[in-house]
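Coordinates as given in upload.txt (compact mmCIF, C-alpha atoms):
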# COMPACT_ATOMS: atom_id res chain seq x y z
CA MET D 1 -17.22 27.99 -18.80
CA LYS D 2 -19.72 26.85 -21.41
CA LYS D 3 -19.22 23.39 -22.88
CA LEU D 4 -19.03 23.63 -26.65
CA SER D 5 -21.13 21.59 -29.08
CA ARG D 6 -21.45 21.50 -32.83
CA ASN D 7 -24.79 22.49 -34.36
CA PRO D 8 -26.45 19.07 -34.82
CA ASP D 9 -28.22 20.23 -37.98
CA LEU D 10 -24.95 20.90 -39.74
CA VAL D 11 -23.64 18.30 -42.19
CA TRP D 12 -19.93 17.63 -41.90
CA ARG D 13 -17.36 14.93 -42.45
CA ASP D 14 -13.74 14.55 -41.46
CA GLU D 15 -11.19 12.91 -43.75
CA PRO D 16 -8.66 11.11 -41.53
CA GLU D 17 -6.50 10.03 -44.48
CA GLU D 18 -6.12 13.66 -45.56
CA ARG D 19 -5.16 14.56 -42.00
CA GLU D 20 -2.37 11.97 -42.16
CA VAL D 21 -1.16 13.45 -45.45
CA ILE D 22 -1.04 16.91 -43.85
CA LEU D 23 0.80 15.67 -40.76
CA ASN D 24 3.35 13.81 -42.88
CA ALA D 25 3.91 16.92 -45.00
CA LEU D 26 4.47 18.99 -41.86
CA MET D 27 6.93 16.41 -40.57
CA SER D 28 8.79 16.80 -43.87
CA GLY D 29 9.05 20.55 -43.33
CA ASP D 30 6.20 21.71 -45.55
CA GLU D 31 4.58 24.23 -43.22
CA SER D 32 2.04 25.29 -45.83
CA ALA D 33 0.37 21.91 -45.37
CA ALA D 34 -1.22 23.21 -42.15
CA ASP D 35 -3.55 25.32 -44.30
CA LYS D 36 -4.89 22.36 -46.26
CA GLY D 37 -8.38 21.14 -45.51
CA TRP D 38 -9.34 17.82 -43.95
CA VAL D 39 -12.78 18.53 -42.49
CA ILE D 40 -15.71 19.49 -44.72
CA ILE D 41 -18.73 21.42 -43.53
CA ILE D 42 -21.78 21.90 -45.75
CA ASP D 43 -23.69 25.00 -44.75
CA LYS D 44 -26.50 26.64 -46.71
CA GLY D 45 -25.48 24.90 -49.92
CA SER D 46 -21.83 25.88 -49.64
CA MET D 47 -18.92 23.64 -48.85
CA HIS D 48 -16.30 24.81 -46.36
CA GLN D 49 -12.97 23.17 -45.62
CA LEU D 50 -11.28 23.38 -42.23
CA ASN D 51 -7.50 23.38 -42.01
CA LEU D 52 -5.49 21.23 -39.65
CA LEU D 53 -6.00 23.19 -36.43
CA ALA D 54 -9.58 24.24 -37.13
CA GLY D 55 -10.42 20.65 -37.94
CA GLU D 56 -8.84 19.40 -34.71
CA ILE D 57 -10.85 21.96 -32.72
CA TRP D 58 -14.04 21.07 -34.61
CA LEU D 59 -13.76 17.40 -33.70
CA LEU D 60 -13.41 18.31 -30.02
CA LEU D 61 -16.68 20.25 -29.93
CA ASP D 62 -18.71 17.30 -28.64
CA GLY D 63 -20.25 19.02 -25.65
CA THR D 64 -17.72 17.79 -23.09
CA LEU D 65 -15.14 20.59 -23.23
CA ASP D 66 -15.06 24.37 -22.86
CA GLU D 67 -12.54 26.61 -24.65
CA ALA D 68 -9.79 25.92 -22.12
CA GLY D 69 -10.49 22.19 -22.25
CA VAL D 70 -10.18 22.19 -26.04
CA ALA D 71 -6.94 24.15 -25.84
CA ASN D 72 -5.50 21.82 -23.20
CA ASP D 73 -6.24 18.77 -25.35
CA LEU D 74 -4.38 20.34 -28.28
CA VAL D 75 -1.50 21.51 -26.09
CA GLU D 76 -0.91 17.92 -25.04
CA ARG D 77 -1.11 16.51 -28.54
CA TYR D 78 0.87 19.19 -30.35
CA ASP D 79 3.29 20.17 -27.59
CA ALA D 80 2.47 23.85 -28.13
CA PRO D 81 2.16 26.72 -25.59
CA PHE D 82 -1.30 27.07 -24.07
CA GLU D 83 -1.29 30.85 -24.60
CA GLU D 84 -0.90 30.43 -28.35
CA ILE D 85 -3.41 27.64 -28.72
CA ILE D 86 -6.14 29.28 -26.63
CA GLU D 87 -6.03 32.34 -28.87
CA ASP D 88 -6.54 30.16 -31.95
CA VAL D 89 -9.33 28.27 -30.22
CA ARG D 90 -11.12 31.49 -29.21
CA GLU D 91 -10.79 32.89 -32.71
CA PHE D 92 -12.19 29.76 -34.36
CA ILE D 93 -15.00 29.40 -31.82
CA ALA D 94 -16.01 33.02 -32.42
CA GLU D 95 -16.08 32.34 -36.15
CA CYS D 96 -18.19 29.21 -35.65
CA ASP D 97 -20.56 31.10 -33.38
CA GLU D 98 -20.98 33.86 -35.93
CA LYS D 99 -21.78 31.32 -38.66
CA GLY D 100 -24.29 29.44 -36.51
CA TRP D 101 -22.15 26.33 -36.45
CA LEU D 102 -22.48 25.84 -32.69
CA ALA D 103 -25.41 24.44 -30.75
CA MET K 1 -8.66 17.63 -50.86
CA LYS K 2 -9.22 14.09 -52.05
CA LEU K 3 -12.35 12.70 -50.49
CA SER K 4 -12.52 9.15 -49.15
CA ALA K 5 -16.00 8.82 -50.66
CA PRO K 6 -18.52 11.03 -52.44
CA LEU K 7 -20.41 13.57 -50.37
CA THR K 8 -23.50 13.11 -52.52
CA VAL K 9 -24.90 10.07 -54.26
CA ASN K 10 -27.51 10.71 -56.92
CA TRP K 11 -29.48 7.52 -56.99
CA THR K 12 -31.82 6.37 -59.73
CA LEU K 13 -33.92 3.64 -58.14
CA SER K 14 -35.87 3.14 -61.35
CA TYR K 15 -35.81 4.54 -64.87
CA ALA K 16 -39.60 4.10 -65.10
CA CYS K 17 -41.36 7.40 -65.75
CA ASN K 18 -44.87 8.65 -66.33
CA PHE K 19 -43.59 11.57 -68.42
CA SER K 20 -41.82 11.74 -71.76
CA CYS K 21 -39.74 14.91 -71.53
CA ARG K 22 -38.08 16.35 -74.60
CA HIS K 23 -34.70 16.77 -72.93
CA CYS K 24 -34.66 13.55 -70.89
CA TYR K 25 -31.26 11.87 -70.57
CA SER K 26 -32.68 8.55 -69.43
CA ARG K 27 -36.03 7.96 -71.14
CA ASP K 28 -34.64 5.28 -73.43
CA ILE K 29 -32.46 3.51 -70.86
CA GLU K 30 -33.59 0.18 -69.46
CA LYS K 31 -32.03 -1.41 -66.40
CA GLU K 32 -33.02 -4.18 -64.04
CA GLU K 33 -34.08 -2.88 -60.65
CA LEU K 34 -32.62 -4.23 -57.43
CA ALA K 35 -34.92 -5.96 -54.97
CA LEU K 36 -35.79 -4.04 -51.83
CA GLU K 37 -33.40 -6.10 -49.70
CA GLU K 38 -30.54 -5.29 -52.05
CA ASN K 39 -31.36 -1.59 -52.05
CA LEU K 40 -31.32 -1.62 -48.26
CA LYS K 41 -27.83 -3.11 -48.50
CA VAL K 42 -26.87 -0.26 -50.79
CA VAL K 43 -28.07 2.16 -48.12
CA ASP K 44 -25.93 0.36 -45.56
CA ALA K 45 -22.91 0.67 -47.86
CA LEU K 46 -23.54 4.39 -48.33
CA SER K 47 -23.89 4.89 -44.61
CA GLN K 48 -20.71 2.96 -43.92
CA ALA K 49 -18.85 5.16 -46.42
CA ARG K 50 -20.20 8.23 -44.56
CA ILE K 51 -22.04 9.61 -47.57
CA ALA K 52 -23.74 12.81 -46.46
CA PHE K 53 -26.49 13.24 -49.04
CA VAL K 54 -28.60 10.91 -51.15
CA ASN K 55 -30.76 12.41 -53.88
CA PHE K 56 -33.28 10.20 -55.65
CA GLY K 57 -33.81 11.03 -59.30
CA GLY K 58 -34.79 9.01 -62.26
CA GLY K 59 -37.06 8.19 -63.87
CA GLU K 60 -39.79 9.27 -61.53
CA PRO K 61 -38.78 8.17 -58.02
CA LEU K 62 -42.37 7.80 -56.87
CA LEU K 63 -42.89 5.02 -59.41
CA TYR K 64 -40.41 2.89 -57.47
CA ARG K 65 -42.76 1.05 -55.14
CA HIS K 66 -40.33 0.79 -52.20
CA LEU K 67 -39.26 4.44 -52.27
CA PHE K 68 -40.48 5.25 -48.78
CA GLU K 69 -39.02 2.09 -47.24
CA VAL K 70 -35.60 2.83 -48.71
CA THR K 71 -35.88 6.47 -47.63
CA GLU K 72 -36.85 5.58 -44.08
CA HIS K 73 -33.93 3.17 -43.83
CA ALA K 74 -31.56 5.82 -45.16
CA THR K 75 -32.76 8.57 -42.82
CA LYS K 76 -32.50 6.21 -39.85
CA LYS K 77 -28.89 5.64 -40.88
CA GLY K 78 -28.29 9.39 -40.75
CA LEU K 79 -28.25 10.06 -44.48
CA LYS K 80 -29.83 13.32 -45.63
CA VAL K 81 -32.32 12.28 -48.29
CA THR K 82 -33.82 14.45 -51.01
CA MET K 83 -35.67 13.69 -54.23
CA ASN K 84 -36.34 15.22 -57.61
CA SER K 85 -39.84 14.49 -58.88
CA ASN K 86 -42.10 15.73 -61.65
CA GLY K 87 -44.74 16.16 -58.94
CA TRP K 88 -47.55 14.39 -60.79
CA LEU K 89 -48.06 11.79 -58.06
CA ILE K 90 -47.61 14.06 -55.04
CA ASP K 91 -51.12 14.42 -53.71
CA GLU K 92 -51.81 15.14 -50.04
CA GLU K 93 -51.25 11.52 -49.03
CA ALA K 94 -47.94 11.21 -50.90
CA ALA K 95 -46.78 14.52 -49.42
CA SER K 96 -47.59 13.23 -45.96
CA ASN K 97 -45.65 10.03 -46.71
CA CYS K 98 -42.67 12.14 -47.80
CA ALA K 99 -42.76 13.89 -44.44
CA LYS K 100 -43.04 10.63 -42.51
CA ALA K 101 -40.21 8.99 -44.45
CA GLY K 102 -37.92 11.86 -43.48
CA PHE K 103 -37.21 13.62 -46.76
CA ARG K 104 -35.02 16.62 -46.04
CA SER K 105 -36.51 18.35 -49.08
CA VAL K 106 -38.26 17.47 -52.31
CA GLY K 107 -37.50 19.15 -55.61
CA ILE K 108 -40.18 19.57 -58.27
CA SER K 109 -39.34 20.12 -61.94
CA ILE K 110 -41.00 23.16 -63.46
CA ASP K 111 -39.77 24.33 -66.85
CA GLY K 112 -42.30 26.91 -67.89
CA ALA K 113 -43.99 30.04 -66.62
CA ASP K 114 -47.25 28.81 -68.14
CA ALA K 115 -48.94 25.49 -68.76
CA PRO K 116 -48.36 25.31 -72.55
CA THR K 117 -44.60 25.77 -72.17
CA HIS K 118 -44.16 23.33 -69.28
CA ASP K 119 -46.67 20.75 -70.48
CA GLY K 120 -45.21 20.85 -74.00
CA PHE K 121 -41.64 20.39 -72.77
CA ARG K 122 -42.75 17.57 -70.46
CA ASP K 123 -45.20 16.17 -73.01
CA ARG K 124 -47.88 15.78 -70.34
CA PRO K 125 -51.00 17.97 -70.37
CA GLY K 126 -51.90 19.14 -66.87
CA SER K 127 -48.39 18.69 -65.52
CA TYR K 128 -47.80 22.41 -64.84
CA ASP K 129 -50.81 22.61 -62.54
CA ARG K 130 -49.94 19.30 -60.87
CA ALA K 131 -46.35 20.46 -60.27
CA HIS K 132 -47.48 23.60 -58.43
CA LEU K 133 -50.09 21.58 -56.54
CA ALA K 134 -47.33 19.16 -55.48
CA LEU K 135 -45.33 22.08 -54.08
CA LYS K 136 -48.33 23.26 -52.09
CA ASN K 137 -49.11 19.75 -50.81
CA LEU K 138 -45.51 19.29 -49.69
CA CYS K 139 -45.49 22.68 -47.97
CA ALA K 140 -48.72 21.79 -46.16
CA ALA K 141 -47.12 18.54 -45.02
CA GLY K 142 -44.09 20.41 -43.70
CA VAL K 143 -41.61 19.18 -46.32
CA PRO K 144 -39.19 21.86 -47.55
CA THR K 145 -39.32 22.21 -51.31
CA THR K 146 -37.13 23.33 -54.17
CA VAL K 147 -37.79 23.74 -57.88
CA SER K 148 -35.59 22.51 -60.69
CA THR K 149 -35.79 24.41 -63.94
CA VAL K 150 -33.89 23.37 -67.03
CA ILE K 151 -33.14 26.48 -69.01
CA PHE K 152 -33.89 26.09 -72.72
CA LYS K 153 -34.91 28.23 -75.66
CA GLY K 154 -38.57 28.03 -74.72
CA ASN K 155 -38.27 29.46 -71.21
CA VAL K 156 -35.11 31.56 -71.02
CA THR K 157 -36.92 34.86 -71.52
CA ARG K 158 -39.40 34.06 -68.71
CA TYR K 159 -37.24 32.38 -66.10
CA LYS K 160 -37.92 35.14 -63.57
CA GLU K 161 -41.63 34.39 -63.75
CA ILE K 162 -40.90 30.71 -63.11
CA VAL K 163 -38.88 31.68 -60.04
CA SER K 164 -41.57 34.03 -58.74
CA GLN K 165 -44.29 31.43 -59.21
CA ALA K 166 -42.13 28.81 -57.48
CA ALA K 167 -41.63 31.12 -54.53
CA ASP K 168 -45.38 31.77 -54.39
CA SER K 169 -45.94 28.01 -54.23
CA GLY K 170 -43.53 27.72 -51.30
CA ALA K 171 -40.20 26.74 -52.87
CA GLY K 172 -37.17 27.91 -50.91
CA THR K 173 -34.66 27.54 -53.74
CA VAL K 174 -34.89 27.37 -57.51
CA TYR K 175 -32.12 25.48 -59.28
CA LEU K 176 -31.58 26.99 -62.71
CA HIS K 177 -30.06 24.02 -64.48
CA ASN K 178 -27.97 24.14 -67.58
CA PHE K 179 -29.01 22.08 -70.56
CA LYS K 180 -27.36 18.67 -70.86
CA CYS K 181 -26.69 17.06 -74.23
CA SER K 182 -27.44 13.50 -73.20
CA GLY K 183 -30.16 11.16 -74.45
CA ARG K 184 -33.05 13.15 -75.86
CA GLY K 185 -31.21 16.30 -74.85
CA MET K 186 -28.71 15.42 -77.60
CA GLU K 187 -31.40 14.44 -80.11
CA ASN K 188 -33.30 17.70 -79.59
CA ARG K 189 -30.31 19.90 -78.91
CA GLU K 190 -30.59 22.08 -82.03
CA GLU K 191 -34.15 22.98 -81.16
CA LEU K 192 -33.80 23.39 -77.38
CA ASP K 193 -30.27 24.36 -76.37
CA LEU K 194 -29.07 27.96 -76.15
CA SER K 195 -26.04 29.19 -78.05
CA PRO K 196 -22.90 29.99 -76.02
CA SER K 197 -23.58 33.73 -76.21
CA GLU K 198 -27.17 33.16 -75.10
CA TRP K 199 -25.87 31.22 -72.10
CA ARG K 200 -23.55 34.11 -71.26
CA ASP K 201 -26.42 36.59 -71.48
CA PHE K 202 -28.66 34.40 -69.33
CA TYR K 203 -26.06 33.94 -66.60
CA GLU K 204 -25.16 37.63 -66.54
CA ASP K 205 -28.81 38.53 -66.17
CA ALA K 206 -29.58 35.86 -63.54
CA LEU K 207 -26.52 36.63 -61.42
CA ALA K 208 -27.37 40.34 -61.46
CA TRP K 209 -30.96 39.54 -60.39
CA ARG K 210 -30.06 36.93 -57.76
CA ASP K 211 -30.09 39.24 -54.73
CA ASP K 212 -33.50 40.60 -55.68
CA ALA K 213 -35.07 37.23 -56.47
CA PRO K 214 -38.01 36.17 -54.26
CA CYS K 215 -36.21 32.97 -53.22
CA ALA K 216 -32.69 31.57 -53.37
CA LEU K 217 -31.25 30.81 -56.79
CA ALA K 218 -28.74 28.04 -57.38
CA PHE K 219 -26.65 27.27 -60.44
CA ASP K 220 -24.72 24.10 -61.19
CA ASP K 221 -22.85 25.00 -64.34
CA PRO K 222 -19.05 25.08 -64.24
CA VAL K 223 -18.92 27.55 -67.14
CA ILE K 224 -20.35 30.18 -64.80
CA ALA K 225 -16.77 30.52 -63.53
CA LEU K 226 -16.15 32.52 -66.71
CA LEU K 227 -18.10 35.33 -65.06
CA GLY K 228 -15.99 35.23 -61.91
CA GLU K 229 -18.60 33.26 -59.96
CA GLU K 230 -16.99 31.11 -57.28
CA SER K 231 -18.21 27.55 -56.96
CA ALA K 232 -20.20 26.86 -53.80
CA ALA K 233 -18.78 23.36 -53.92
CA ALA K 234 -15.20 24.50 -53.30
CA VAL K 235 -13.92 22.41 -56.19
CA LYS K 236 -13.18 23.61 -59.68
CA GLY K 237 -15.02 22.42 -62.76
CA SER K 238 -17.57 19.62 -62.73
CA THR K 239 -18.30 18.12 -59.33
CA CYS K 240 -19.09 14.68 -60.80
CA GLY K 241 -16.57 12.12 -59.63
CA LYS K 242 -15.03 14.65 -57.25
CA LEU K 243 -17.91 15.23 -54.83
CA SER K 244 -20.68 13.09 -56.26
CA LEU K 245 -21.47 9.80 -57.93
CA HIS K 246 -24.56 8.37 -59.63
CA LEU K 247 -26.13 4.99 -58.99
CA GLU K 248 -28.30 3.21 -61.54
CA PRO K 249 -31.24 0.94 -60.64
CA ASP K 250 -29.08 -2.20 -60.86
CA GLY K 251 -26.41 -0.79 -58.53
CA ASP K 252 -24.00 0.22 -61.29
CA ALA K 253 -22.16 3.46 -60.59
CA THR K 254 -21.62 6.14 -63.22
CA PRO K 255 -19.85 9.49 -62.76
CA CYS K 256 -23.17 11.30 -63.15
CA GLY K 257 -26.51 10.61 -64.73
CA PHE K 258 -25.42 12.30 -67.93
CA ILE K 259 -22.33 10.14 -68.43
CA PRO K 260 -23.45 6.59 -69.23
CA LEU K 261 -20.15 4.90 -68.39
CA SER K 262 -20.32 2.14 -65.80
CA LEU K 263 -17.56 2.29 -63.20
CA GLY K 264 -18.52 -0.93 -61.43
CA ASN K 265 -21.32 -2.17 -59.22
CA ILE K 266 -21.70 -0.97 -55.66
CA LEU K 267 -22.83 -4.38 -54.39
CA THR K 268 -20.25 -6.51 -56.16
CA ASP K 269 -17.27 -4.17 -56.50
CA GLY K 270 -17.80 -1.93 -53.48
CA LEU K 271 -17.93 1.85 -53.30
CA LYS K 272 -14.37 2.29 -52.11
CA LYS K 273 -12.88 0.44 -55.07
CA ILE K 274 -15.08 2.29 -57.54
CA TRP K 275 -14.27 5.69 -56.01
CA ASN K 276 -10.54 5.16 -55.63
CA ASP K 277 -9.57 2.96 -58.57
CA SER K 278 -11.72 4.03 -61.51
CA ASP K 279 -9.73 5.11 -64.56
CA VAL K 280 -12.72 7.14 -65.76
CA LEU K 281 -12.95 9.09 -62.51
CA ASN K 282 -9.20 9.56 -62.53
CA GLN K 283 -9.40 11.11 -66.00
CA MET K 284 -12.27 13.36 -64.93
CA ARG K 285 -10.37 14.54 -61.86
CA ASN K 286 -7.24 15.28 -63.87
CA LYS K 287 -8.46 16.90 -67.03
CA GLU K 288 -6.02 18.45 -69.48
CA ALA K 289 -6.72 21.56 -71.49
CA THR K 290 -7.31 20.96 -75.18
CA GLY K 291 -8.44 23.12 -78.09
CA LYS K 292 -9.37 26.66 -77.12
CA CYS K 293 -8.89 25.81 -73.41
CA VAL K 294 -5.11 25.71 -73.98
CA GLY K 295 -3.76 28.99 -72.69
CA CYS K 296 -7.19 30.27 -71.58
CA SER K 297 -6.84 32.59 -68.60
CA VAL K 298 -9.78 31.07 -66.70
CA TYR K 299 -9.14 27.38 -67.40
CA GLY K 300 -7.91 27.00 -63.83
CA GLU K 301 -11.35 28.07 -62.63
CA CYS K 302 -13.70 26.15 -64.95
CA LEU K 303 -11.45 23.20 -65.91
CA GLY K 304 -13.07 23.02 -69.30
CA GLY K 305 -16.63 23.31 -67.99
CA CYS K 306 -19.14 20.47 -67.91
CA THR K 307 -17.37 17.18 -68.56
CA ALA K 308 -20.62 15.39 -69.42
CA ARG K 309 -21.45 17.92 -72.12
CA ALA K 310 -17.94 17.80 -73.56
CA LEU K 311 -18.01 14.00 -73.66
CA ALA K 312 -21.48 13.85 -75.22
CA THR K 313 -20.63 16.25 -78.02
CA THR K 314 -17.03 15.27 -78.79
CA GLY K 315 -16.31 11.91 -77.15
CA SER K 316 -13.55 13.46 -75.05
CA PHE K 317 -13.49 14.36 -71.36
CA ASN K 318 -10.93 17.04 -72.10
CA ALA K 319 -12.72 18.87 -74.90
CA PRO K 320 -13.95 22.41 -74.20
CA ASP K 321 -17.55 22.66 -72.97
CA PRO K 322 -19.72 23.48 -76.02
CA HIS K 323 -21.50 26.10 -73.90
CA CYS K 324 -18.30 28.08 -73.37
CA TRP K 325 -18.58 31.52 -74.97
CA LYS K 326 -14.90 32.43 -74.86
CA GLU K 327 -13.26 32.71 -78.25

Take the structure I supplied and represent it as structure tokens, if you would.
Amino acid sequence: MKKLSRNPDLVWRDEPEEREVILNALMSGDESAADKGWVIIIDKGSMHQLNLLAGEIWLLLDGTLDEAGVANDLVERYDAPFEEIIEDVREFIAECDEKGWLA
Amino acid sequence: MKLSAPLTVNWTLSYACNFSCRHCYSRDIEKEELALEENLKVVDALSQARIAFVNFGGGEPLLYRHLFEVTEHATKKGLKVTMNSNGWLIDEEAASNCAKAGFRSVGISIDGADAPTHDGFRDRPGSYDRAHLALKNLCAAGVPTTVSTVIFKGNVTRYKEIVSQAADSGAGTVYLHNFKCSGRGMENREELDLSPSEWRDFYEDALAWRDDAPCALAFDDPVIALLGEESAAAVKGSTCGKLSLHLEPDGDATPCGFIPLSLGNILTDGLKKIWNDSDVLNQMRNKEATGKCVGCSVYGECLGGCTARALATTGSFNAPDPHCWKE
């Protein structure tokens, strides 16, 4: 399978402190926190925010992993079923591809 | 989302200028300039804070003699560097130097569809022709260009011609800027600024035309939210102090160029402290509705509009934007 890389021309920044805030909120039972942004992408003059899972996937797109590799990494870290995670990964990757966010 | 640092730093390396524009916010400001070595340290601090964009303004950036050295250092550090210039000094050689230094794009100010309008507003005969020549020189050198147009009474009826001419000269985007009431902009406000209803009419017309315009149009006015326009910045209200910060030639930080309130110095106080601990920024990020904003159905979208304009005209961050047309 194809290794996945971010478009190097895209400007983005992750906010680790915001990620911690989201994780702490989730630990406290606030499930809506998973929708909050912690990675910013600037594309064509517009600013996009990625939520917890999308942001985690985005940071893994460094050219070393394919879709299954990304999903496996998240399965280990979040103790979630592979079948669920791979669907989310595929969906987000398709969205990134459509927007030109991948190399 | 609270950012750990600004995404954009608007950096005035020098307030020196070869023009004397009628709306200029900074023409009468004097500040010591940092030495080159200190400005390179500022770049290092911006890089360390993971600032994405640096935009040189002024003053005229090309009058700062180390502009290209600072730019090269910044681009090597991964910062995306742009500049706003009046274009007067951008001949073929300067355009080539812009390309070599790594400018991501260069913006040229053009405020009229003809020479008398632009040259009168900028108080510099020949500046209209030189501005369009600068665009062409930059294009020839391979530097992407934009045009910045301040909308005022003298050009509002012909802004589409300005956009078309800019596109013909190679500009990819025209920024249709709102009028700021700072510095000379405040002194000449009665003569230059549009009324609230005129602003509404302009924005309605420009938004309707946007898809047919010969190049991209960009707007930076929070009051545009009154027309249901979503902010490209994904934050409500002014972006100053939320996504961006302004640096003065001596390293002092202000929320934006139009708000002359020092928040601290980047070299002595550090960016993190300024960004996280400033009472001024805290007030700007947590505005409270006052006056006609209280109970307004769209306050949640515009957050009172442009904070700089409200502060300049009333002395309060929380006052309604004087450009707001809602009753």

Near chain D, meaning an atom within 12 Å, which residues of chain K appear when counting only C-alpha atoms? Write them as a PyMOL selection string. chain K and resi 1-8+49-53+78-80+104+172-173+175+216-220+230-235+239+243

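Pairwise distance (atom CA of K:Ser109, atom CA of K:Asp321) equals 24.6 Å.
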
Sorted by chain and rising residue number, list the residues of stretch 113-140 of chain K at most 8 Å from stretch 22-44 of chain K (counting only C-alpha atoms), each with its closest atom pair and distance in Å to one decimal, as a Markdown table.
| residue | atom | partner | partner_atom | distance |
| --- | --- | --- | --- | --- |
| K:Phe121 | CA | K:Arg22 | CA | 5.7 |
| K:Arg122 | CA | K:Arg22 | CA | 6.4 |
| K:Asp123 | CA | K:Arg22 | CA | 7.3 |

Which residues are near D:Asp88? Cut-off 10 Å, all atoms listed in the file, ignore same chain within fewer than 6 positions. Put them as a ChimeraX atom specification. /D:53-54,57,71,82,94

Let me know the centre plus edge lengths, in Å and rounded to one decimal, of a box with edges along x, y and z that contains all listed atoms of stretch 112-125 of chain K and is padded by 5 Å on every side, as AutoDock Vina command-line options.
--center_x -46.3 --center_y 22.9 --center_z -70.3 --size_x 19.4 --size_y 24.3 --size_z 17.4

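Between K:Ala113 and the residues K:Thr157, K:Asn286, K:Thr75, K:Thr268, the shortest atom-to-atom distance, using all atoms listed in the file, involves K:Thr157.
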
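Pairwise distance (atom CA of D:Asn51, atom CA of D:Ala34) equals 6.3 Å.
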
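Between atom CA of D:Leu10 and atom CA of K:Asn10 lies a distance of 20.1 Å.
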
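Compared by their closest atoms to K:Lys180, and using only C-alpha atoms, the residues K:Asp193, K:Asp129, K:Glu93, K:Glu301 rank with K:Asp193 nearest.
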
Take stretch 38-50 of chain D, model N, CA, C and O atoms, and hand the result over as a compact mmCIF listing (two decimals), keeping the file's coordinate frame.
# COMPACT_ATOMS: atom_id res chain seq x y z
N TRP D 38 -9.10 19.26 -44.19
CA TRP D 38 -9.34 17.82 -43.95
C TRP D 38 -10.69 17.57 -43.28
O TRP D 38 -11.10 16.43 -43.09
N VAL D 39 -11.41 18.65 -42.98
CA VAL D 39 -12.78 18.53 -42.49
C VAL D 39 -13.67 19.38 -43.40
O VAL D 39 -13.32 20.52 -43.72
N ILE D 40 -14.78 18.79 -43.82
CA ILE D 40 -15.71 19.49 -44.72
C ILE D 40 -16.98 19.81 -43.95
O ILE D 40 -17.51 18.94 -43.25
N ILE D 41 -17.44 21.03 -44.11
CA ILE D 41 -18.73 21.42 -43.53
C ILE D 41 -19.61 21.93 -44.67
O ILE D 41 -19.17 22.74 -45.49
N ILE D 42 -20.84 21.41 -44.74
CA ILE D 42 -21.78 21.90 -45.75
C ILE D 42 -22.79 22.80 -45.03
O ILE D 42 -23.52 22.35 -44.15
N ASP D 43 -22.81 24.05 -45.41
CA ASP D 43 -23.69 25.00 -44.75
C ASP D 43 -24.39 25.87 -45.80
O ASP D 43 -23.71 26.54 -46.59
N LYS D 44 -25.68 25.83 -45.79
CA LYS D 44 -26.50 26.64 -46.71
C LYS D 44 -26.06 26.45 -48.17
O LYS D 44 -25.90 27.41 -48.92
N GLY D 45 -25.83 25.21 -48.53
CA GLY D 45 -25.48 24.90 -49.92
C GLY D 45 -24.04 25.15 -50.29
O GLY D 45 -23.64 24.89 -51.42
N SER D 46 -23.25 25.65 -49.36
CA SER D 46 -21.83 25.88 -49.64
C SER D 46 -20.96 24.91 -48.86
O SER D 46 -21.31 24.50 -47.76
N MET D 47 -19.85 24.58 -49.48
CA MET D 47 -18.92 23.64 -48.85
C MET D 47 -17.72 24.40 -48.28
O MET D 47 -17.10 25.19 -48.98
N HIS D 48 -17.44 24.17 -47.02
CA HIS D 48 -16.30 24.81 -46.36
C HIS D 48 -15.29 23.74 -45.95
O HIS D 48 -15.66 22.65 -45.55
N GLN D 49 -14.02 24.09 -46.05
CA GLN D 49 -12.97 23.17 -45.62
C GLN D 49 -12.25 23.76 -44.42
O GLN D 49 -11.91 24.95 -44.42
N LEU D 50 -12.01 22.93 -43.41
CA LEU D 50 -11.28 23.38 -42.23
C LEU D 50 -9.84 22.89 -42.31
O LEU D 50 -9.59 21.72 -42.64
